[in-house]
file target.txt (compact mmCIF, C-alpha atoms)
# COMPACT_ATOMS: atom_id res chain seq x y z
CA MET A 178 -28.22 -7.82 59.12
CA LYS A 179 -28.20 -5.56 62.17
CA ILE A 180 -28.58 -1.82 61.53
CA ALA A 181 -28.26 0.79 64.26
CA THR A 182 -28.39 4.53 64.84
CA TYR A 183 -26.47 6.29 67.62
CA ASN A 184 -26.13 9.95 68.53
CA VAL A 185 -22.65 9.90 70.06
CA ASN A 186 -22.68 13.52 71.30
CA GLY A 187 -19.07 14.12 70.30
CA VAL A 188 -17.26 11.32 68.47
CA ASN A 189 -13.78 12.08 69.76
CA GLY A 190 -14.70 12.74 73.37
CA ARG A 191 -16.85 9.58 73.46
CA LEU A 192 -14.60 7.43 71.26
CA PRO A 193 -13.85 4.81 73.97
CA VAL A 194 -17.59 4.39 74.53
CA LEU A 195 -18.30 4.09 70.80
CA LEU A 196 -15.54 1.53 70.22
CA ARG A 197 -16.59 -0.51 73.26
CA TRP A 198 -20.18 -0.58 72.04
CA LEU A 199 -19.19 -1.53 68.48
CA GLU A 200 -17.22 -4.50 69.80
CA LEU A 201 -19.99 -5.52 72.21
CA ALA A 202 -23.02 -5.13 69.94
CA ALA A 203 -21.34 -5.88 66.57
CA PRO A 204 -23.83 -3.96 64.39
CA ASP A 205 -23.38 -4.44 60.65
CA ILE A 206 -24.32 -0.90 59.59
CA VAL A 207 -24.34 2.14 61.88
CA CYS A 208 -25.55 5.71 61.48
CA LEU A 209 -23.80 8.17 63.81
CA GLN A 210 -24.95 11.69 64.60
CA GLU A 211 -23.66 14.77 66.40
CA LEU A 212 -20.01 14.08 65.63
CA LYS A 213 -18.98 17.60 66.70
CA ALA A 214 -15.78 17.21 64.70
CA PRO A 215 -14.48 18.80 61.50
CA GLN A 216 -13.89 16.52 58.53
CA GLU A 217 -10.17 16.13 59.18
CA LYS A 218 -10.61 15.29 62.90
CA PHE A 219 -12.88 12.27 62.49
CA PRO A 220 -11.27 9.16 64.10
CA GLU A 221 -11.23 7.14 60.87
CA ASN A 222 -8.36 4.83 61.74
CA ALA A 223 -9.78 3.71 65.08
CA ILE A 224 -13.05 2.72 63.41
CA ARG A 225 -11.40 1.01 60.45
CA ASP A 226 -9.24 -0.98 62.89
CA LEU A 227 -12.47 -2.64 64.09
CA GLY A 228 -13.23 -3.77 60.54
CA TYR A 229 -15.65 -1.03 59.48
CA ASP A 230 -15.69 0.94 56.27
CA VAL A 231 -16.76 4.51 57.02
CA VAL A 232 -17.84 7.75 55.37
CA TRP A 233 -18.59 10.94 57.27
CA HIS A 234 -19.79 14.50 56.86
CA GLY A 235 -18.12 16.55 59.57
CA GLN A 236 -18.56 20.05 60.91
CA SER A 237 -16.47 21.91 63.45
CA ARG A 238 -18.01 21.91 66.96
CA TRP A 239 -21.56 21.11 65.79
CA ASN A 240 -23.65 18.54 63.93
CA GLY A 241 -21.92 15.90 61.80
CA VAL A 242 -23.12 12.49 60.57
CA ALA A 243 -21.37 9.26 59.58
CA LEU A 244 -22.11 5.81 58.15
CA LEU A 245 -20.21 2.66 59.17
CA SER A 246 -20.33 -0.78 57.55
CA ARG A 247 -18.69 -4.11 58.25
CA VAL A 248 -20.71 -5.93 55.57
CA GLY A 249 -19.32 -4.33 52.44
CA GLU A 250 -18.01 -1.14 50.93
CA ILE A 251 -20.03 2.05 51.36
CA TYR A 252 -21.08 3.79 48.13
CA GLU A 253 -22.09 7.30 49.05
CA THR A 254 -25.08 8.60 47.07
CA ARG A 255 -25.88 11.92 48.76
CA ARG A 256 -24.35 14.37 51.20
CA GLY A 257 -26.79 16.99 52.43
CA LEU A 258 -30.48 17.40 51.63
CA PRO A 259 -31.56 19.06 48.38
CA GLY A 260 -33.70 22.16 48.41
CA ASP A 261 -31.57 24.80 50.12
CA PRO A 262 -28.17 25.68 48.63
CA ASP A 263 -27.49 27.99 51.59
CA ASP A 264 -27.77 25.16 54.14
CA VAL A 265 -24.18 24.25 55.06
CA GLN A 266 -24.97 22.25 58.19
CA SER A 267 -23.73 18.64 58.18
CA ARG A 268 -26.97 16.80 58.92
CA TYR A 269 -27.61 14.20 56.20
CA ILE A 270 -25.62 11.43 54.51
CA GLU A 271 -26.91 8.60 52.31
CA ALA A 272 -25.26 5.53 50.81
CA ALA A 273 -25.78 2.09 49.30
CA VAL A 274 -24.35 -0.75 51.38
CA ASN A 275 -24.70 -4.45 50.60
CA GLY A 276 -28.00 -4.06 48.77
CA VAL A 277 -29.51 -1.63 51.27
CA LEU A 278 -29.91 2.15 50.92
CA VAL A 279 -29.21 3.79 54.27
CA ALA A 280 -29.53 7.46 55.21
CA GLY A 281 -28.29 8.90 58.47
CA LEU A 282 -29.72 12.22 59.65
CA TYR A 283 -29.52 14.68 62.49
CA LEU A 284 -32.62 16.83 62.34
CA PRO A 285 -32.39 20.34 63.83
CA ASN A 286 -33.41 20.78 67.45
CA GLY A 287 -35.41 23.92 66.72
CA ASN A 288 -35.37 25.60 70.13
CA PRO A 289 -36.25 28.24 71.08
CA ARG A 290 -39.78 28.15 69.76
CA PRO A 291 -40.98 30.38 68.20
CA GLY A 292 -38.00 31.78 66.38
CA PRO A 293 -35.70 31.36 63.38
CA LYS A 294 -34.28 28.06 64.62
CA PHE A 295 -37.75 26.58 64.85
CA ASP A 296 -38.62 27.89 61.38
CA PHE A 297 -35.44 26.30 60.02
CA LYS A 298 -36.42 22.99 61.61
CA LEU A 299 -39.81 23.00 59.89
CA ARG A 300 -38.22 23.89 56.54
CA TRP A 301 -35.70 21.07 57.01
CA PHE A 302 -38.57 18.67 57.71
CA ASP A 303 -40.25 19.79 54.48
CA ARG A 304 -37.06 19.20 52.49
CA LEU A 305 -36.70 15.77 54.08
CA ARG A 306 -40.27 14.85 53.16
CA ASP A 307 -39.75 15.97 49.57
CA HIS A 308 -36.57 13.91 49.26
CA LEU A 309 -38.02 10.81 50.92
CA ALA A 310 -40.92 10.89 48.49
CA SER A 311 -38.39 9.83 45.85
CA LEU A 312 -37.18 6.89 47.97
CA ILE A 313 -40.33 5.33 49.43
CA ASP A 314 -41.08 3.19 46.36
CA VAL A 315 -37.53 2.02 45.71
CA ASP A 316 -37.61 -1.73 45.03
CA ALA A 317 -34.95 -2.40 47.65
CA PRO A 318 -34.61 -1.90 51.40
CA VAL A 319 -34.37 1.79 52.38
CA ILE A 320 -33.72 2.88 55.97
CA ILE A 321 -33.78 6.50 57.17
CA ALA A 322 -32.18 6.46 60.62
CA GLY A 323 -31.04 9.07 63.07
CA ASP A 324 -31.88 11.67 65.67
CA TYR A 325 -35.13 13.25 64.47
CA ASN A 326 -35.50 15.52 67.52
CA VAL A 327 -39.20 14.75 67.76
CA MET A 328 -41.31 12.71 70.17
CA PRO A 329 -44.19 11.53 67.96
CA THR A 330 -46.74 10.81 70.74
CA ASP A 331 -47.30 11.19 74.47
CA LEU A 332 -46.05 7.61 74.89
CA ASP A 333 -42.63 8.78 73.67
CA VAL A 334 -41.94 11.34 76.40
CA TYR A 335 -41.73 11.29 80.17
CA ALA A 336 -44.08 13.92 81.66
CA PRO A 337 -45.41 15.17 78.29
CA GLU A 338 -47.07 18.21 79.88
CA ARG A 339 -43.60 19.67 80.50
CA TRP A 340 -42.63 19.53 76.82
CA ARG A 341 -45.66 20.82 74.97
CA ASP A 342 -44.22 24.27 74.29
CA GLY A 343 -40.82 23.01 73.15
CA ALA A 344 -39.58 22.46 69.61
CA LEU A 345 -39.32 18.68 69.99
CA PHE A 346 -42.97 18.17 70.94
CA ALA A 347 -44.73 21.04 69.21
CA PRO A 348 -47.86 20.19 67.19
CA GLU A 349 -46.20 21.40 63.97
CA VAL A 350 -43.24 19.06 64.50
CA LYS A 351 -45.34 16.02 65.36
CA ALA A 352 -47.47 16.75 62.29
CA ALA A 353 -44.33 16.93 60.12
CA TYR A 354 -43.22 13.53 61.41
CA GLN A 355 -46.69 12.10 60.79
CA ARG A 356 -46.50 13.29 57.17
CA LEU A 357 -43.46 11.04 56.73
CA LEU A 358 -45.46 8.10 58.04
CA ASP A 359 -48.31 9.07 55.73
CA GLN A 360 -45.90 8.68 52.80
CA GLY A 361 -45.63 5.01 53.73
CA TRP A 362 -42.61 4.96 56.03
CA GLN A 363 -42.84 2.68 59.06
CA ASP A 364 -41.53 3.72 62.49
CA ALA A 365 -39.71 0.45 63.19
CA ILE A 366 -39.45 0.57 66.99
CA ARG A 367 -43.01 1.76 67.54
CA HIS A 368 -44.28 -0.91 65.12
CA LEU A 369 -42.39 -3.62 67.00
CA HIS A 370 -43.35 -2.27 70.44
CA PRO A 371 -46.71 -0.55 69.92
CA ASP A 372 -47.65 -0.01 73.57
CA GLU A 373 -44.33 0.03 75.41
CA VAL A 374 -42.66 2.99 77.07
CA ILE A 375 -39.33 3.17 75.21
CA TYR A 376 -36.84 6.02 75.38
CA THR A 377 -33.60 6.73 73.52
CA PHE A 378 -32.42 9.90 75.32
CA TRP A 379 -32.06 10.89 78.96
CA LYS A 380 -30.68 14.19 80.26
CA TYR A 381 -27.51 14.03 82.32
CA TRP A 382 -28.93 15.67 85.39
CA ARG A 383 -31.43 14.82 88.17
CA GLY A 384 -30.91 11.10 87.72
CA ALA A 385 -32.98 11.08 84.53
CA PHE A 386 -31.54 7.79 83.29
CA GLU A 387 -31.87 6.08 86.65
CA ARG A 388 -35.50 7.25 86.91
CA ASN A 389 -36.14 6.42 83.24
CA ALA A 390 -37.30 9.99 82.67
CA GLY A 391 -36.50 10.05 78.97
CA LEU A 392 -37.53 10.82 75.43
CA ARG A 393 -37.82 8.72 72.27
CA ILE A 394 -36.27 10.96 69.62
CA ASP A 395 -34.03 8.53 67.69
CA HIS A 396 -35.95 6.66 65.00
CA LEU A 397 -35.52 4.25 62.12
CA LEU A 398 -38.03 4.75 59.30
CA LEU A 399 -38.42 1.89 56.84
CA ASN A 400 -39.86 1.64 53.36
CA PRO A 401 -42.19 -1.32 52.68
CA ALA A 402 -39.37 -3.46 51.28
CA THR A 403 -37.49 -3.10 54.56
CA ALA A 404 -40.48 -3.41 56.85
CA ALA A 405 -41.25 -6.82 55.37
CA ARG A 406 -37.84 -8.09 56.52
CA VAL A 407 -37.65 -6.79 60.10
CA VAL A 408 -37.40 -9.58 62.67
CA ALA A 409 -36.36 -7.62 65.78
CA GLY A 410 -35.47 -4.19 67.10
CA ASP A 411 -34.96 -2.32 70.37
CA VAL A 412 -32.92 0.26 72.26
CA ASP A 413 -29.54 -0.86 73.62
CA VAL A 414 -29.50 0.98 76.95
CA ARG A 415 -26.18 -0.51 78.13
CA PRO A 416 -23.90 2.28 76.85
CA ARG A 417 -26.05 4.96 78.51
CA ALA A 418 -24.93 3.62 81.92
CA TRP A 419 -21.19 3.79 81.11
CA GLU A 420 -18.78 6.50 82.20
CA LYS A 421 -18.36 9.58 79.98
CA THR A 422 -21.14 8.39 77.70
CA SER A 423 -23.59 10.05 75.34
CA ASP A 424 -27.00 11.15 76.60
CA HIS A 425 -28.49 8.96 73.84
CA ALA A 426 -28.56 5.17 73.54
CA PRO A 427 -28.17 3.21 70.30
CA VAL A 428 -31.32 2.00 68.56
CA TRP A 429 -31.18 -1.08 66.33
CA ILE A 430 -33.18 -3.33 64.06
CA GLU A 431 -32.38 -6.70 62.57
CA LEU A 432 -33.34 -7.68 59.03
CA GLY A 433 -33.92 -11.28 57.98
CA GLU A 434 -33.41 -12.68 54.53
CA PRO A 435 -35.91 -11.52 51.89
CA LYS A 436 -38.88 -13.80 51.59
CA ARG A 437 -38.95 -15.81 48.42
CA PRO A 438 -42.29 -16.21 46.64
CA ARG A 439 -43.77 -19.66 46.96
CA ARG A 440 -43.40 -21.82 43.90
CA LYS A 441 -46.78 -22.59 42.43
CA LEU A 442 -47.48 -26.27 41.96
CA HIS A 443 -48.91 -27.34 38.63
CA ALA A 444 -51.81 -29.73 38.53
CA GLN A 445 -49.64 -32.62 37.38
CA GLU A 446 -47.45 -32.25 40.46
call {"tool": "encode", "arguments": {"input": "target.txt", "output": "structure tokens"}}
result
Amino acid sequence: MKIATYNVNGVNGRLPVLLRWLELAAPDIVCLQELKAPQEKFPENAIRDLGYDVVWHGQSRWNGVALLSRVGEIYETRRGLPGDPDDVQSRYIEAAVNGVLVAGLYLPNGNPRPGPKFDFKLRWFDRLRDHLASLIDVDAPVIIAGDYNVMPTDLDVYAPERWRDGALFAPEVKAAYQRLLDQGWQDAIRHLHPDEVIYTFWKYWRGAFERNAGLRIDHLLLNPATAARVVAGDVDVRPRAWEKTSDHAPVWIELGEPKRPRRKLHAQE
């Protein structure tokens, strides 16, 4: 099973890119972020025509998340994080799909720092940690995928000295991400590629993509039941080079079949 996350940076404006990538990469489950479309303007039919079931949580002009599946019906379990009834931003969606619990998120950017947007980001991180505490020990694969808007280490950012005062690389934000890992979640791509320079986002200007001057801000966090089944994972940089594309690239992992316990042989055998 191949599971991916992709910040599309406007699902309608980038729809040809998204559809081309879905046909090329054929992921089984996809988390999309930054739809920038109200609920009624999501391109449901175009995605279903490719064989995907889909649920989405839209918002006019900003935010928005969606889940796609071509390996079974999507059973939505949560829309929005608990803990703040006044939070109306469309940033979190969660569902059961083919024996896997998948959550797609778009964590707040938080700039400028300091300020109310940065404070909101830290509160959102706290709410996420509280909710994920209830999922880490689920006896089934759980994947929390999306645009976290954080570079966890210096290895995850080109020219880190230029980002230290920003909301994506602030000590408080990196510490909040580390607290998720301390709960027991595994950063799939960093686990698979512990020492490699890997980015998922490149600005549009100054040839950032061509120079590979990027950031790793899109992550898949796995509970132990999922981590035990991962056989591969990487960033698919191909769509980032296409015309009228997102400034992010899709990130994916592949899960193998669950390992069966070895049958114990009795002495007489």
call {"tool": "residues_near_point", "arguments": {"input": "target.txt", "point": "(-37.3, 24.2, 72.3)", "cutoff": "7 Å", "atoms": "only C-alpha atoms", "output": "number ranges by chain"}}
result
A: 287-290, 343-345
call {"tool": "write_last_selection", "arguments": {"input": "target.txt", "atoms": "C-alpha atoms", "output": "mmCIF file, in the frame of the given file"}}
result
data_model
loop_
_atom_site.group_PDB
_atom_site.id
_atom_site.type_symbol
_atom_site.label_atom_id
_atom_site.label_comp_id
_atom_site.auth_asym_id
_atom_site.auth_seq_id
_atom_site.Cartn_x
_atom_site.Cartn_y
_atom_site.Cartn_z
ATOM 1 C CA GLY A 287 -35.410 23.920 66.720
ATOM 2 C CA ASN A 288 -35.370 25.600 70.130
ATOM 3 C CA PRO A 289 -36.250 28.240 71.080
ATOM 4 C CA ARG A 290 -39.780 28.150 69.760
ATOM 5 C CA GLY A 343 -40.820 23.010 73.150
ATOM 6 C CA ALA A 344 -39.580 22.460 69.610
ATOM 7 C CA LEU A 345 -39.320 18.680 69.990
#
call {"tool": "closest_residue", "arguments": {"input": "target.txt", "among": "A:Pro291, A:Gly235, A:Gly323, A:Gly384", "to": "Pro427 (chain A)", "atoms": "only C-alpha atoms"}}
result
A:Gly323
call {"tool": "residues_around", "arguments": {"input": "target.txt", "residues": "region 265-279 of chain A", "least_positions_apart": "6", "cutoff": "9 Å", "atoms": "all atoms listed in the file", "output": "ChimeraX atom specification"}}
result
/A:206,208,210-211,232-236,239-244,246,248-258,285,317-322,403
call {"tool": "closest_residue", "arguments": {"input": "target.txt", "among": "A:Ile224, A:Leu392, A:Ile313, A:Ala418", "to": "Lys380 (chain A)", "atoms": "only C-alpha atoms"}}
result
A:Leu392
call {"tool": "closest_atom_pairs", "arguments": {"input": "target.txt", "of": "region 226-308 of chain A", "to": "region 357-376 of chain A", "cutoff": "12 Å", "atoms": "only C-alpha atoms", "output": "CSV"}}
result
residue,atom,partner,partner_atom,distance
A:Phe302,CA,A:Leu357,CA,9.1
A:Asp303,CA,A:Leu357,CA,9.6
A:Arg304,CA,A:Leu357,CA,11.2
A:Leu305,CA,A:Leu357,CA,8.7
A:Arg306,CA,A:Leu357,CA,6.1
A:Asp307,CA,A:Leu357,CA,9.5
A:His308,CA,A:Leu357,CA,10.6
call {"tool": "residues_around", "arguments": {"input": "target.txt", "residues": "region 324-330 of chain A", "least_positions_apart": "2", "cutoff": "6 Å", "atoms": "only C-alpha atoms", "output": "PyMOL selection string"}}
result
chain A and resi 283-284+286+332-333+345-346+351+393-395
call {"tool": "write_last_selection", "arguments": {"input": "target.txt", "atoms": "C-alpha atoms", "output": "mmCIF file, in the frame of the given file"}}
result
data_model
loop_
_atom_site.group_PDB
_atom_site.id
_atom_site.type_symbol
_atom_site.label_atom_id
_atom_site.label_comp_id
_atom_site.auth_asym_id
_atom_site.auth_seq_id
_atom_site.Cartn_x
_atom_site.Cartn_y
_atom_site.Cartn_z
ATOM 1 C CA TYR A 283 -29.520 14.680 62.490
ATOM 2 C CA LEU A 284 -32.620 16.830 62.340
ATOM 3 C CA ASN A 286 -33.410 20.780 67.450
ATOM 4 C CA LEU A 332 -46.050 7.610 74.890
ATOM 5 C CA ASP A 333 -42.630 8.780 73.670
ATOM 6 C CA LEU A 345 -39.320 18.680 69.990
ATOM 7 C CA PHE A 346 -42.970 18.170 70.940
ATOM 8 C CA LYS A 351 -45.340 16.020 65.360
ATOM 9 C CA ARG A 393 -37.820 8.720 72.270
ATOM 10 C CA ILE A 394 -36.270 10.960 69.620
ATOM 11 C CA ASP A 395 -34.030 8.530 67.690
#
call {"tool": "closest_atom_pairs", "arguments": {"input": "target.txt", "of": "region 203-261 of chain A", "to": "region 187-197 of chain A", "cutoff": "7 Å", "atoms": "all atoms listed in the file", "output": "CSV"}}
result
residue,atom,partner,partner_atom,distance
A:Glu211,CA,A:Gly187,CA,6.1
A:Leu212,CA,A:Gly187,CA,4.8
A:Lys213,CA,A:Gly187,CA,5.0
A:Pro220,CA,A:Asn189,CA,6.8
call {"tool": "residues_near_point", "arguments": {"input": "target.txt", "point": "(-30.3, 5.5, 86.4)", "cutoff": "12 Å", "atoms": "only C-alpha atoms", "output": "list in words"}}
result
Trp379, Lys380, Tyr381, Trp382, Arg383, Gly384, Ala385, Phe386, Glu387, Arg388, Asn389, Ala390, Gly391, Val414, Arg415, Pro416, Arg417, Ala418, Trp419 and Asp424 of chain A
call {"tool": "write_last_selection", "arguments": {"input": "target.txt", "atoms": "C-alpha atoms", "output": "short mmCIF file (atom, residue, chain, number, x, y, z; two decimals), in the coordinates of the input"}}
result
data_model
loop_
_atom_site.label_atom_id
_atom_site.label_comp_id
_atom_site.auth_asym_id
_atom_site.auth_seq_id
_atom_site.Cartn_x
_atom_site.Cartn_y
_atom_site.Cartn_z
CA TRP A 379 -32.06 10.89 78.96
CA LYS A 380 -30.68 14.19 80.26
CA TYR A 381 -27.51 14.03 82.32
CA TRP A 382 -28.93 15.67 85.39
CA ARG A 383 -31.43 14.82 88.17
CA GLY A 384 -30.91 11.10 87.72
CA ALA A 385 -32.98 11.08 84.53
CA PHE A 386 -31.54 7.79 83.29
CA GLU A 387 -31.87 6.08 86.65
CA ARG A 388 -35.50 7.25 86.91
CA ASN A 389 -36.14 6.42 83.24
CA ALA A 390 -37.30 9.99 82.67
CA GLY A 391 -36.50 10.05 78.97
CA VAL A 414 -29.50 0.98 76.95
CA ARG A 415 -26.18 -0.51 78.13
CA PRO A 416 -23.90 2.28 76.85
CA ARG A 417 -26.05 4.96 78.51
CA ALA A 418 -24.93 3.62 81.92
CA TRP A 419 -21.19 3.79 81.11
CA ASP A 424 -27.00 11.15 76.60
#
call {"tool": "build_atoms", "arguments": {"input": "target.txt", "residues": "region 180-201 of chain A", "atoms": "N, CA and C atoms", "output": "compact mmCIF listing (two decimals), in the frame of the given file"}}
result
# COMPACT_ATOMS: atom_id res chain seq x y z
N ILE A 180 -28.78 -3.21 61.89
CA ILE A 180 -28.58 -1.82 61.53
C ILE A 180 -28.94 -0.95 62.73
N ALA A 181 -28.06 -0.01 63.05
CA ALA A 181 -28.26 0.79 64.26
C ALA A 181 -28.05 2.26 63.98
N THR A 182 -28.63 3.09 64.87
CA THR A 182 -28.39 4.53 64.84
C THR A 182 -27.98 4.95 66.24
N TYR A 183 -27.02 5.91 66.32
CA TYR A 183 -26.47 6.29 67.62
C TYR A 183 -25.99 7.74 67.55
N ASN A 184 -26.61 8.59 68.35
CA ASN A 184 -26.13 9.95 68.53
C ASN A 184 -25.03 9.90 69.58
N VAL A 185 -23.79 10.10 69.15
CA VAL A 185 -22.65 9.90 70.06
C VAL A 185 -22.32 11.13 70.90
N ASN A 186 -22.89 12.29 70.53
CA ASN A 186 -22.68 13.52 71.30
C ASN A 186 -21.19 13.83 71.44
N GLY A 187 -20.49 13.81 70.31
CA GLY A 187 -19.07 14.12 70.30
C GLY A 187 -18.25 12.87 70.06
N VAL A 188 -17.87 12.61 68.81
CA VAL A 188 -17.26 11.32 68.47
C VAL A 188 -15.87 11.16 69.07
N ASN A 189 -15.12 12.21 69.20
CA ASN A 189 -13.78 12.08 69.76
C ASN A 189 -13.81 11.99 71.29
N GLY A 190 -14.60 12.80 71.92
CA GLY A 190 -14.70 12.74 73.37
C GLY A 190 -15.32 11.45 73.87
N ARG A 191 -16.18 10.83 73.06
CA ARG A 191 -16.85 9.58 73.46
C ARG A 191 -16.29 8.36 72.70
N LEU A 192 -15.13 8.51 72.09
CA LEU A 192 -14.60 7.43 71.26
C LEU A 192 -14.45 6.11 72.02
N PRO A 193 -13.93 6.09 73.25
CA PRO A 193 -13.85 4.81 73.97
C PRO A 193 -15.21 4.14 74.15
N VAL A 194 -16.24 4.94 74.39
CA VAL A 194 -17.59 4.39 74.53
C VAL A 194 -18.06 3.82 73.20
N LEU A 195 -17.87 4.55 72.11
CA LEU A 195 -18.30 4.09 70.80
C LEU A 195 -17.59 2.79 70.43
N LEU A 196 -16.29 2.73 70.60
CA LEU A 196 -15.54 1.53 70.22
C LEU A 196 -15.94 0.34 71.09
N ARG A 197 -16.14 0.58 72.36
CA ARG A 197 -16.59 -0.51 73.26
C ARG A 197 -17.94 -1.04 72.82
N TRP A 198 -18.85 -0.13 72.47
CA TRP A 198 -20.18 -0.58 72.04
C TRP A 198 -20.11 -1.33 70.71
N LEU A 199 -19.32 -0.84 69.76
CA LEU A 199 -19.19 -1.53 68.48
C LEU A 199 -18.69 -2.96 68.67
N GLU A 200 -17.73 -3.15 69.56
CA GLU A 200 -17.22 -4.50 69.80
C GLU A 200 -18.25 -5.37 70.51
N LEU A 201 -19.01 -4.76 71.43
CA LEU A 201 -19.99 -5.52 72.21
C LEU A 201 -21.21 -5.90 71.38
